[in-house]
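For reference, final-v8.txt is printed below; it contains compact mmCIF, C-alpha atoms.
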# COMPACT_ATOMS: atom_id res chain seq x y z
CA MET A 232 -16.74 -2.58 29.16
CA TRP A 233 -13.20 -2.31 27.83
CA ALA A 234 -12.17 -0.46 30.98
CA LEU A 235 -13.29 -3.45 33.04
CA LEU A 236 -11.52 -5.94 30.79
CA GLU A 237 -8.33 -3.90 30.77
CA ALA A 238 -8.13 -3.78 34.55
CA ALA A 239 -5.43 -5.99 36.02
CA PRO A 240 -7.78 -8.31 37.96
CA ALA A 241 -9.66 -9.22 34.77
CA ARG A 242 -6.66 -10.03 32.61
CA PRO A 243 -6.12 -13.60 33.88
CA LEU A 244 -9.76 -14.30 32.99
CA TRP A 245 -9.44 -13.33 29.33
CA PRO A 246 -9.06 -16.89 27.93
CA GLU A 247 -12.08 -18.04 29.89
CA LEU A 248 -14.19 -15.02 28.94
CA VAL A 249 -13.49 -15.56 25.25
CA HIS A 250 -15.31 -18.91 25.48
CA ASP A 251 -18.31 -17.49 27.36
CA ALA A 252 -21.51 -18.55 25.61
CA ASP A 253 -23.22 -15.18 26.04
CA SER A 254 -20.50 -12.58 25.63
CA GLY A 255 -17.59 -14.52 24.13
CA ARG A 256 -17.87 -12.92 20.69
CA LEU A 257 -17.99 -9.42 22.16
CA ILE A 258 -15.01 -10.15 24.42
CA THR A 259 -13.05 -11.59 21.50
CA ASN A 260 -13.68 -8.54 19.33
CA LEU A 261 -12.74 -6.16 22.14
CA LEU A 262 -9.47 -7.95 22.80
CA LEU A 263 -8.49 -8.17 19.14
CA ASN A 264 -9.45 -4.57 18.41
CA ARG A 265 -8.29 -2.83 21.58
CA ALA A 266 -5.55 -4.83 23.30
CA ASP A 267 -1.97 -4.33 22.12
CA ASP A 268 -0.10 -6.68 24.44
CA LEU A 269 -1.81 -10.05 24.10
CA ASP A 270 0.49 -12.97 24.83
CA ASP A 271 0.59 -15.80 22.32
CA GLN A 272 -1.81 -18.07 24.18
CA VAL A 273 -4.49 -15.41 24.63
CA LEU A 274 -4.04 -14.18 21.07
CA LEU A 275 -4.38 -17.70 19.70
CA THR A 276 -7.50 -18.26 21.79
CA CYS A 277 -9.03 -15.07 20.39
CA LEU A 278 -8.08 -15.99 16.84
CA GLU A 279 -9.57 -19.46 17.18
CA SER A 280 -12.77 -17.87 18.44
CA ALA A 281 -12.92 -15.16 15.78
CA PHE A 282 -11.79 -17.38 12.89
CA PRO A 283 -12.77 -20.98 13.69
CA GLU A 284 -11.37 -23.69 11.45
CA ASP A 285 -14.84 -25.00 10.56
CA ALA A 286 -16.27 -21.59 9.66
CA ALA A 287 -16.28 -22.31 5.93
CA GLU A 288 -18.11 -25.61 6.41
CA ASP A 289 -20.88 -23.91 8.38
CA ALA A 290 -21.23 -20.93 6.06
CA ASP A 291 -24.48 -20.52 4.14
CA GLN A 292 -23.70 -19.68 0.53
CA ASP A 293 -26.97 -17.74 0.21
CA ASP A 294 -26.31 -15.76 3.35
CA LEU A 295 -26.21 -11.97 3.36
CA PHE A 296 -22.53 -12.15 4.22
CA SER A 297 -21.48 -13.88 1.02
CA GLY A 298 -20.21 -12.30 -2.18
CA VAL A 299 -18.46 -8.95 -2.30
CA PHE A 300 -20.10 -7.65 0.88
CA GLY A 301 -19.07 -10.66 2.93
CA ALA A 302 -15.59 -10.68 1.42
CA THR A 303 -15.13 -7.02 2.32
CA LEU A 304 -16.11 -7.70 5.93
CA THR A 305 -13.83 -10.73 6.22
CA LEU A 306 -10.79 -9.19 4.54
CA SER A 307 -11.13 -5.91 6.42
CA ARG A 308 -11.41 -7.79 9.68
CA VAL A 309 -8.33 -9.90 8.95
CA ALA A 310 -6.41 -6.78 7.91
CA GLY A 311 -7.30 -5.02 11.15
CA VAL A 312 -6.24 -7.99 13.26
CA ILE A 313 -2.93 -8.42 11.45
CA GLU A 314 -2.13 -4.73 11.67
CA ARG A 315 -2.61 -4.73 15.45
CA HIS A 316 -1.25 -8.25 16.04
CA PRO A 317 1.47 -9.09 13.47
CA ARG A 318 1.97 -12.52 15.06
CA ALA A 319 -1.52 -13.60 14.03
CA PHE A 320 -0.31 -15.29 10.85
CA LEU A 321 2.34 -17.20 12.77
CA LEU A 322 -0.16 -18.49 15.31
CA HIS A 323 -3.23 -19.08 13.17
CA GLY A 324 -1.88 -18.81 9.64
CA PRO A 325 -3.57 -21.75 7.87
CA THR A 326 -7.04 -20.75 9.02
CA LEU A 327 -6.52 -17.07 8.24
CA ARG A 328 -5.18 -17.91 4.79
CA HIS A 329 -8.16 -20.18 4.20
CA ALA A 330 -10.49 -17.35 5.21
CA ILE A 331 -8.70 -15.03 2.78
CA ALA A 332 -8.90 -17.59 -0.02
CA THR A 333 -12.60 -18.19 0.61
CA ALA A 334 -13.34 -14.47 0.64
CA THR A 335 -11.35 -13.99 -2.57
CA GLY A 336 -13.29 -16.76 -4.28
CA GLU A 337 -16.57 -15.20 -3.16
CA LEU A 338 -15.74 -11.73 -4.40
CA THR A 339 -14.36 -12.82 -7.79
CA ARG A 340 -17.34 -15.12 -8.34
CA GLU A 341 -19.89 -12.39 -7.69
CA ILE A 342 -18.01 -9.76 -9.71
CA ARG A 343 -17.79 -12.07 -12.72
CA GLU A 344 -21.47 -12.95 -12.47
CA GLU A 345 -23.02 -9.63 -11.51
CA GLY A 346 -20.48 -6.85 -12.06
CA LEU A 347 -19.20 -4.42 -9.45
CA TYR A 348 -20.55 -1.20 -8.00
CA GLU A 349 -18.33 1.86 -7.87
CA SER A 350 -18.49 1.87 -4.07
CA SER A 351 -17.30 -1.74 -3.78
CA TRP A 352 -13.87 -1.44 -5.38
CA ASP A 353 -12.23 -1.03 -1.97
CA VAL A 354 -12.60 -4.78 -1.42
CA PHE A 355 -9.46 -5.18 -3.56
CA GLU A 356 -7.56 -2.84 -1.25
CA ALA A 357 -8.54 -5.00 1.72
CA LEU A 358 -7.41 -8.09 -0.19
CA ALA A 359 -4.09 -6.50 -1.13
CA ALA A 360 -3.42 -5.71 2.53
CA VAL A 361 -3.56 -9.35 3.67
CA CYS A 362 -3.01 -11.69 0.73
CA THR A 363 0.32 -13.52 0.39
CA SER A 364 -0.76 -15.96 -2.31
CA PRO A 365 0.44 -15.17 -5.86
CA THR A 366 -2.29 -17.45 -7.20
CA LEU A 367 -5.07 -15.53 -5.45
CA LEU A 368 -3.56 -12.21 -6.48
CA ALA A 369 -3.39 -13.36 -10.10
CA ASP A 370 -7.06 -14.39 -9.98
CA ALA A 371 -8.00 -11.05 -8.42
CA ALA A 372 -6.00 -9.18 -11.07
CA GLN A 373 -7.76 -11.05 -13.86
CA CYS A 374 -11.12 -10.33 -12.26
CA LEU A 375 -10.26 -6.63 -11.93
CA SER A 376 -9.12 -6.38 -15.54
CA GLN A 377 -12.38 -7.90 -16.81
CA ALA A 378 -14.77 -6.26 -14.35
CA VAL A 379 -17.77 -4.32 -15.58
CA PRO A 380 -20.44 -2.27 -13.79
CA PRO A 381 -23.62 -4.05 -12.64
CA THR A 382 -25.83 -5.35 -15.42
CA TRP A 383 -28.40 -2.59 -15.13
CA GLN A 384 -25.65 0.03 -15.66
CA GLN A 385 -24.00 -1.60 -18.66
CA ARG A 386 -26.02 0.31 -21.25
CA GLN A 387 -23.70 3.24 -20.61
CA PRO A 388 -19.90 3.27 -20.42
CA PRO A 389 -18.33 3.18 -16.96
CA THR A 390 -18.32 6.55 -15.22
CA PRO A 391 -15.04 8.39 -14.53
CA LYS A 392 -15.49 7.69 -10.81
CA TRP A 393 -15.92 3.96 -11.50
CA ASN A 394 -12.72 3.94 -13.56
CA ALA A 395 -10.85 5.96 -10.93
CA ALA A 396 -11.93 3.51 -8.24
CA ARG A 397 -10.68 0.62 -10.36
CA SER A 398 -7.31 2.36 -10.77
CA GLN A 399 -7.02 2.78 -7.02
CA ALA A 400 -7.81 -0.92 -6.57
CA ALA A 401 -5.25 -1.86 -9.23
CA ASP A 402 -2.63 0.28 -7.47
CA ALA A 403 -3.25 -1.57 -4.22
CA LEU A 404 -2.87 -5.01 -5.79
CA ALA A 405 0.22 -3.97 -7.76
CA ARG A 406 1.96 -2.74 -4.61
CA ASN A 407 1.53 -6.13 -2.93
CA PRO A 408 5.03 -7.69 -2.95
CA PHE A 409 3.57 -11.13 -3.69
CA CYS A 410 1.85 -9.98 -6.88
CA PRO A 411 3.31 -12.08 -9.75
CA ALA A 412 4.41 -10.68 -13.09
CA GLU A 413 1.44 -12.14 -14.95
CA ALA A 414 -0.90 -10.33 -12.56
CA LEU A 415 1.04 -7.07 -12.92
CA ALA A 416 0.73 -7.34 -16.69
CA LEU A 417 -3.06 -7.44 -16.30
CA LEU A 418 -3.11 -4.60 -13.78
CA THR A 419 -0.71 -2.19 -15.47
CA PRO A 420 -3.19 -0.70 -18.00
CA PHE A 421 -5.36 0.39 -15.07
CA LEU A 422 -2.63 1.83 -12.83
CA THR A 423 -2.40 5.50 -11.98
CA ASP A 424 0.52 7.36 -13.50
CA ALA A 425 2.47 7.50 -10.22
CA THR A 426 2.19 3.77 -9.57
CA ALA A 427 3.01 2.89 -13.17
CA ALA A 428 6.22 4.92 -12.86
CA HIS A 429 7.45 2.44 -10.25
CA PHE A 430 7.33 -0.40 -12.80
CA VAL A 431 9.14 1.16 -15.78
CA GLU A 432 12.24 -0.86 -14.89
CA HIS A 433 10.43 -4.09 -13.97
CA PRO A 434 12.29 -7.23 -15.11
CA ASP A 435 9.22 -8.52 -16.97
CA GLU A 436 9.14 -6.98 -20.44
CA GLN A 437 5.36 -6.92 -20.74
CA VAL A 438 4.97 -5.12 -17.42
CA ARG A 439 7.82 -2.76 -18.22
CA GLU A 440 6.46 -1.77 -21.63
CA ALA A 441 2.91 -1.27 -20.36
CA ALA A 442 4.15 0.91 -17.50
CA LYS A 443 6.36 2.92 -19.83
CA SER A 444 3.41 3.53 -22.13
CA ILE A 445 1.37 4.99 -19.27
CA VAL A 446 4.22 7.23 -18.13
CA ASP A 447 4.85 8.39 -21.71
CA GLN A 448 1.19 9.31 -22.06
CA ALA A 449 1.37 11.26 -18.81
CA MET A 450 4.41 13.14 -20.02
CA GLU A 451 2.71 13.91 -23.33
CA ARG A 452 -0.25 15.40 -21.48
CA ILE A 453 2.18 17.57 -19.56
CA ARG A 454 3.86 18.77 -22.73
CA GLN A 455 0.51 19.69 -24.21
CA THR A 456 -0.45 21.74 -21.18
CA GLU A 457 0.32 25.41 -21.11
CA PRO A 458 3.36 25.62 -18.83
CA ALA A 459 3.31 27.75 -15.73
CA PRO A 460 6.49 29.39 -14.41
CA GLN A 461 9.08 26.69 -13.89
CA GLN A 462 12.24 26.22 -11.93
CA ARG A 463 15.02 25.94 -14.48
CA ASP A 464 18.44 24.42 -14.17
CA PRO A 465 20.74 27.04 -15.74
CA LEU A 466 23.32 24.40 -16.64
CA THR A 467 21.15 22.23 -18.85
CA GLY A 468 17.76 23.83 -19.31
CA LEU A 469 16.13 20.84 -17.55
CA THR A 470 12.94 21.99 -15.89
CA VAL A 471 11.05 20.83 -12.84
CA PRO A 472 7.44 21.99 -13.13
CA ALA A 473 6.32 24.40 -10.45
CA ASP A 474 3.46 23.35 -8.20
CA ASP A 475 0.98 25.54 -10.08
CA SER A 476 1.75 23.57 -13.23
CA LEU A 477 1.78 20.23 -11.44
CA ALA A 478 -1.65 20.98 -9.96
CA GLN A 479 -3.07 20.93 -13.48
CA GLN A 480 -1.85 17.39 -14.12
CA ASP A 481 -3.79 14.20 -13.46
CA ASP A 482 -0.97 12.83 -11.33
CA PRO A 483 1.59 15.40 -10.13
CA ALA A 484 3.59 12.76 -8.28
CA ALA A 485 4.16 10.83 -11.51
CA VAL A 486 5.66 13.92 -13.11
CA LEU A 487 8.21 14.17 -10.32
CA SER A 488 8.86 10.42 -10.51
CA SER A 489 9.74 10.79 -14.18
CA LEU A 490 12.70 12.98 -13.17
CA LEU A 491 14.16 10.27 -10.95
CA PRO A 492 16.63 8.78 -10.46
CA LEU A 493 18.71 11.94 -10.85
CA LYS A 494 20.96 12.02 -13.90
CA GLY A 495 23.66 14.23 -15.35
CA PRO A 496 26.44 16.31 -13.83
CA ALA A 497 26.56 16.82 -10.08
CA ALA A 498 25.40 20.42 -10.30
CA ARG A 499 22.38 19.45 -12.39
CA ARG A 500 21.43 16.62 -10.03
CA ARG A 501 21.68 18.93 -7.04
CA GLU A 502 19.52 21.67 -8.57
CA THR A 503 16.91 19.15 -9.70
CA ALA A 504 16.84 17.59 -6.23
CA LYS A 505 16.31 20.99 -4.62
CA ALA A 506 13.45 21.78 -6.98
CA ILE A 507 11.74 18.45 -6.26
CA LEU A 508 12.13 19.00 -2.52
CA ASP A 509 10.48 22.41 -2.86
CA SER A 510 7.38 20.79 -4.35
CA ARG A 511 4.48 19.98 -2.07
CA TYR A 512 3.81 16.95 -4.28
CA ALA A 513 7.06 15.22 -3.32
CA ASP A 514 6.31 12.08 -1.31
CA ALA A 515 8.32 9.37 0.43
CA SER A 516 9.08 7.58 -2.85
CA HIS A 517 10.76 10.75 -4.14
CA LEU A 518 12.56 11.55 -0.88
CA ARG A 519 14.18 8.12 -0.89
CA GLN A 520 15.89 8.84 -4.22
CA LEU A 521 17.25 12.29 -3.35
CA PRO A 522 20.56 13.14 -1.65
CA ALA A 523 20.17 12.51 2.06
CA ALA A 524 22.02 15.71 3.00
CA LEU A 525 19.45 17.80 1.14
CA VAL A 526 16.43 15.81 2.33
CA LEU A 527 17.39 15.92 6.00
CA ALA A 528 18.06 19.65 5.82
CA HIS A 529 14.72 20.48 4.18
CA THR A 530 12.17 21.38 6.85
CA GLY A 531 9.23 21.15 4.47
CA HIS A 532 9.29 17.34 4.53
CA ALA A 533 10.43 16.80 8.11
CA SER A 534 7.30 14.93 9.17
CA ALA A 535 7.36 12.68 6.09
CA VAL A 536 11.04 11.89 6.63
CA ALA A 537 10.43 11.13 10.30
CA ALA A 538 7.58 8.76 9.44
CA LEU A 539 9.73 7.05 6.81
CA LEU A 540 12.62 6.52 9.22
CA VAL A 541 10.33 5.16 11.92
CA GLU A 542 8.84 2.75 9.40
CA GLU A 543 12.24 1.56 8.15
CA LEU A 544 14.32 1.58 11.33
CA GLY A 545 11.57 0.76 13.81
CA ASP A 546 12.84 0.19 17.33
CA ASP A 547 16.22 -1.16 16.26
CA THR A 548 18.63 0.97 18.30
CA GLN A 549 21.65 -0.33 16.40
CA ALA A 550 20.10 0.69 13.09
CA TRP A 551 19.38 4.15 14.48
CA ASP A 552 22.97 4.44 15.72
CA ARG A 553 24.35 3.42 12.33
CA PHE A 554 22.03 5.87 10.61
CA ARG A 555 23.10 8.69 12.93
CA SER A 556 26.78 7.92 12.35
CA SER A 557 26.26 7.97 8.59
CA VAL A 558 24.44 11.30 8.78
CA LEU A 559 27.25 12.85 10.81
CA ARG A 560 29.72 11.84 8.11
CA LEU A 561 27.70 13.44 5.32
CA THR A 562 28.98 16.56 3.64
CA PRO A 563 26.48 19.14 2.33
CA SER A 564 27.18 18.11 -1.26
CA ALA A 565 27.29 14.34 -0.67
CA PRO A 566 25.33 12.51 -3.40
CA LYS A 567 24.40 9.52 -1.23
CA THR A 568 20.62 9.10 -1.27
CA LEU A 569 18.36 8.69 1.73
CA GLU A 570 17.49 5.20 0.50
CA LYS A 571 21.18 4.26 0.51
CA LEU A 572 21.60 5.60 4.03
CA ILE A 573 18.62 3.57 5.25
CA HIS A 574 19.90 0.45 3.50
CA GLU A 575 23.30 0.78 5.14
CA ALA A 576 21.72 1.30 8.55
CA THR A 577 19.54 -1.81 8.26
CA ALA A 578 21.93 -4.03 6.30
CA ASP A 579 23.15 -5.91 9.36
CA THR A 580 19.73 -6.12 10.97
CA PRO A 581 18.45 -9.74 11.04
When written as structure tokens, how does the structure in this file appear?
Amino acid sequence: MWALLEAAPARPLWPELVHDADSGRLITNLLLNRADDLDDQVLLTCLESAFPEDAAEDADQDDLFSGVFGATLTLSRVAGVIERHPRAFLLHGPTLRHAIATATGELTREIREEGLYESSWDVFEALAAVCTSPTLLADAAQCLSQAVPPTWQQRQPPTPKWNAARSQAADALARNPFCPAEALALLTPFLTDATAAHFVEHPDEQVREAAKSIVDQAMERIRQTEPAPQQRDPLTGLTVPADDSLAQQDDPAAVLSSLLPLKGPAARRRETAKAILDSRYADASHLRQLPAALVLAHTGHASAVAALLVEELGDDTQAWDRFRSSVLRLTPSAPKTLEKLIHEATADTP
């Protein structure tokens, strides 16, 4: 059916087909999920059909699609639409935000009343992907921090998988740029080591101290583990754990994060950067903080670097030109980080 809709003769009929009594919903879903080039009028028509303003008034509170299950469907659907059509919030923002708020209220209500299954934690990831309201994020964070398994499972402590799923959900909420400090303070005790490492310099003291405590605990676990062969900086004795040793840790990425930003004499910083680059556990957050000359010359992370640059520079040809010019001026021992290079390239971009 999509092949028929996508054909040129059918395109002018899209707005009319969306309102068709028999197949309008199917047409709407196909356009929102498959089309990449909807103009504003067609996109708005689809959004009004998929997310009508009076949807909340017509909703049955006892319906199957309420609670956590319904919230997951709604939030995942909104996330998918926004990812494919970034203009959706501009065109239909109030209704989409109302749908997000309603779904958030439903999920927090049910979790507080009935607990949460291990398999349902991903609803928080869907919420984190679309929510721009600090108030809703704070409510979700409080709900997450107080959540317990379903009543019939509460005779036993939460399973490791249940706790791990909560940590993944907490990570997602914490990474939302609209998450307020009071919400972060509630989330921090549940963060994974790698995510907590990003908040050790947070301006809020409570968040900062909680994150530091998690990172310190991670480092203590590392110290108590029998070390495998390590790459050693001959100038200072500073060690970067080898991958065999990192593989034994709960969060290898957090171990590497604890070594950043680079400190000490230039030779030490360079050797540490090389050792981090040689690790398969180095991710984009580490690459950003390392000297650009070393990162761009290291073939092991070429695909990750390419993805990072595409994400940051997008289709801005001027930014790409500025980035290229900066790279050409780099010397092999230049300390300028990849993050700094990206910032300079995008600084003048509106």
For atom CA of A:Ser351 and atom CA of A:Trp393, quote the distance in Å rounded to one decimal. 9.7 Å
Nearest to A:Asp424 by atom-to-atom distance, counting all atoms listed in the file, from A:Leu347, A:Leu572, A:Val486, A:Ala266: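 For A:Asp424, the nearest of the given residues is A:Val486.
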Name the closest residue to A:Asp481 among the candidates A:Glu451, A:Asp268, A:Asp546, A:Glu247; distances are taken between atoms, counting all atoms listed in the file. A:Glu451
Starting from 6 Å padding per side, set up an axis-aligned box that covers all listed atoms of stretch 526-541 of chain A and hand over centre and edge lengths in Å, one decimal, as lines of an AutoDock Vina configuration file.
center_x = 12.7
center_y = 13.3
center_z = 7.1
size_x = 22.8
size_y = 28.2
size_z = 21.6
Excluding A:Val361 and residues on its chain fewer than 3 positions from it, collect all residues at most 12 Å away from it, counting only C-alpha atoms, and give them as a ChimeraX atom specification. /A:303,305-314,317,319-320,324,327-332,334-335,354-358,364-365,367-368,403-404,406-410
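Nearest residue to A:Leu274 among A:Leu262, A:Ala524, A:Ala401, A:Ala234 is A:Leu262, counting only C-alpha atoms.
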Any idea what's packed within 8 Å of stretch 565-569 of chain A, counting all atoms listed in the file, ignoring anything in its chain fewer than 6 positions away? Could you give it as a list in words? Leu518, Arg519, Gln520, Leu521, Pro522, Ala523, Ala524 and Val526 of chain A
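Distances here use all atoms listed in the file; by that measure, the residue among A:Ile342, A:Val438, A:Leu261, A:Ala535 closest to A:Val299 is A:Ile342.
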Applying 9 Å and only C-alpha atoms, which residues near A:Gln549 remain after dropping the ones on its own chain fewer than 4 positions away? List them as a ChimeraX atom specification. /A:553-554,576-577,580
Go through A:Leu375, A:Ala497, A:Leu508, A:Ala414 one by one, measure the shortest atom-to-atom distance of each to A:Ser398 using all atoms listed in the file, and give the residue with the smallest value.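 Among the listed residues, A:Leu375 lies closest to A:Ser398.
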Point-to-point distance in Å for atom CA of A:Asp474 and atom CA of A:Lys505: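 Atom-to-atom, atom CA of A:Lys505 and atom CA of A:Asp474 are spaced 13.5 Å apart.
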